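Here is the structure we will look at.
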Amino acid sequence: MARIVVIGAGVGGLATAARLAVTGHQVTVFERSGTVGGKLGRYVHHTTAGTFHFDTGPSLLTLPQVFHDLFEATGAKLDEYLDLTPLDPIVRHVFPGGGPTLDSCADPDEFVARIGAALGGRSAADWQRLWRRAARVWAASHRDILRRPVDSPRDLAALAWRLGDLAAIGPGRTLRGLGRSHLSDPRLRMLLDRYATYTGADPRRAPAALVAVPYAELTFGGWYLRGGLGTLADALLSRCLDLGVTVRTGETVTRIDAAGGRVHGVRLAGVAAPVPADVVVANADALTVYRDLLPHPRRLAGLTDRSLAGFVLLLGVRGDSGLAHHNVFFPGDHDAEFDAVFGDPGRGIRARPAPDPTVFVTVADDPTIRPDGHEAWFVLVNAARHGTATGAVDWRRPGLADRYADRILDVLAERGVDVRDRLMFREIRTPADLDAATAAPGGSIYGTAGGLLRPANRGPAHGLWLVGGSSHPGGGLPMVAMSAQIVADEIGPAW
């Protein structure tokens with residue numbers, strides 16, 4: 001039995017802790033904030049009309065089988081803890097210039113029919129051709145990347161990809177390039193581009209292999225958890241406690257002790273004595289690990305390409321909007337949005353708030369999260385990370401957040417959804433707020449911008465492991481759960 005310390009009680013940390021505890025290890029989780037869940041955050045707002053509950057992080061659960069497997073591996077059933085509701089549409093897409101909307105769904109044939117009805121037969125045929133390629137990319141990725149450790153480019157090169165897999169994955173090709181070669185309708189290309197942001201990347205630079213992301217979502221479905229996705233954190237915490245894991249909130253790990261090339265424990269803020277450990281699992285951004293907890297200049301040097309962040313509005317709205325659960329309102333110029341969000345540091349062009357962004361609106365039809373006759377809106381736009389560098393925006397600048405919130409509400413009104421006169425309240429969450437709440441540097445949601453090679457799960461010191469959205473295999477709830485399985489399997493059981 002090993003003494004294992006897990007730094008961070010996000011989904012990755014809790015999932016790893018549960019998997020390790022059920023195999024006989026002594027596991028302690030230290031979480032700097034007062035609650036568990038990490039980026040799977042929540043906010044509650046009380047009004048005279050009643051109480052509003054918001055998810056402030058992920059709003060969609062995909063690949064639910066990953067979580068069924070996680071709970072079964074720890075001796076429980078997912079359905080005993082969570083109420084999963086399949087979504088149809090998964091996302092309603094509203095394109096610039098008016099015209100028909102497009103509702104995505106988990107039935108590929110039905111989605112093709114919807115594309116044909118909304119955008120025409122040629123667009124439907126184009127999507128089918130892209131989908132055949134996406135299926136090959138997904139099969140290769142799931143088999144060779146998502147379920148096993150990948151520690152270096154050599155590991156990727158050594159994977160037993162067949163020639164057809166390599167042709168489908170298209171090394172060196174971008175997601176934007178893939179869309180242009182397969183999709184004649186600019187609206188479908190815009191839809192495909194958006195999936196690059198699921199990994200925090202610019203579609204003009206993101207690898208074509210990210211076509212596996214929409215394939216997973218639109219093949220295996222999108223799900224909502226009654227009461228909000230934050231209930232997943234509650235369920236994972238319950239599993240950990242039932243399995244004997246010690247979870248200590250309000251405790252900040254300041255350093256990992258690793259003299260002689262192996263971990264010996266961690267140091268806590270305000271505590272003189274170290275906490276001994278045979279194994280340390282860091283559910284923290286790799287940048288935080290290699291800059292602050294265990295400085296490692298070589299690994300730190302590979303973490304400069306940071307992912308985008310998000311600017312969020314939490315709105316209490318009177319009445320019924322008639323919107324779907326998830327809605328995407330696209331801008332007239334997608335490239336101008338990405339130019340603003342990422343800037344061009346090489347040319348000295350600063351990042352800035354996008355004046356005409358894509359707006360993602362979640363309106364859950366769930367009476368447990370809002371008063372009767374009202375809606376709880378989660379509004380998200382892509383945003384530059386917080387900071388003073390050329391590729392960042394200082395979101396603490398006086399007045400900036402309120403002005404940009406006003407602009408987003410104006411954009412929604414311009415696109416046919418005006419709720420300005422129905423607002424009971426609005427709360428703002430900037431990338432600087434995410435940084436402060438979760439220690440995600442700059443509020444970058446996914447650590448480094450999405451690519452095939454993420455920071456390795458295996459750390460530079462023996463007994464150190466990284467888990468979560470900033471490490472392999474990447475961001476998003478199912479990927480984080482897969483990351484936990486990889487780490488737990490590599491550590492192995494106590495017996």
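Order determines the names: the first chain of the structure tokens is A, the second B, and so forth; residues in each chain are numbered 1 upward, and ligands are numbered 1 upward as they are shown.
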Closest atom pairs, residues of stretch 180-299 of chain A within 12 Å of stretch 342-347 of chain A, only C-alpha atoms, as CSV:
```
residue,atom,partner,partner_atom,distance
A:Thr197,CA,A:Phe342,CA,11.7
A:Gly200,CA,A:Phe342,CA,10.4
A:Ala201,CA,A:Phe342,CA,9.1
A:Asp202,CA,A:Phe342,CA,7.8
A:Pro203,CA,A:Phe342,CA,11.4
A:Arg204,CA,A:Phe342,CA,11.3
A:Arg205,CA,A:Phe342,CA,11.2
```
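The residues of stretch 260-342 of chain A that DSSP classifies as helix (DSSP H, G or I), using the backbone of this structure, are A:Gly260, A:Gly261, A:Ala286, A:Leu287, A:Thr288, A:Val289, A:Tyr290, A:Arg291, A:Asp292, A:Leu293, A:Pro297, A:Arg298, A:Arg299, A:Leu300, A:Ala301, A:His334, A:Asp335, A:Ala336, A:Glu337, A:Phe338, A:Asp339, A:Ala340, A:Val341, A:Phe342.
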With stretch 280-292 of chain A as the partner and 12 Å as the cut-off, tabulate the residues of stretch 390-439 of chain A that qualify, each row holding the nearest pair of atoms and their distance in Å to one decimal, using only C-alpha atoms, sorted by chain and rising number, as a tab-separated table.
```
residue	atom	partner	partner_atom	distance
A:Asp435	CA	A:Asp285	CA	10.8
A:Thr438	CA	A:Ala284	CA	8.9
A:Ala439	CA	A:Ala284	CA	7.8
```
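Those residues that approach A:Gly75 to within 10 Å, counting only C-alpha atoms, are Ala18, Arg19, Val22, Asp69, Leu70, Phe71, Glu72, Ala73, Lys77, Leu78, Arg239 and Leu243 of chain A; same-chain residues fewer than 2 positions away are not listed.
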Near-A:Arg352 list (7 Å; only C-alpha atoms; drop same-chain fewer than 4 positions) as number ranges by chain: A: 340-341, 384, 393
Residue among A:Gly463, A:Pro478, A:Gly391, A:Gly227 lying closest to A:Asp55, counting only C-alpha atoms: A:Gly227
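Nearest to A:Thr362 of all the residues A:Ile486, A:Leu323, A:Ala277, A:Leu453 is A:Leu323, based on only C-alpha atoms.
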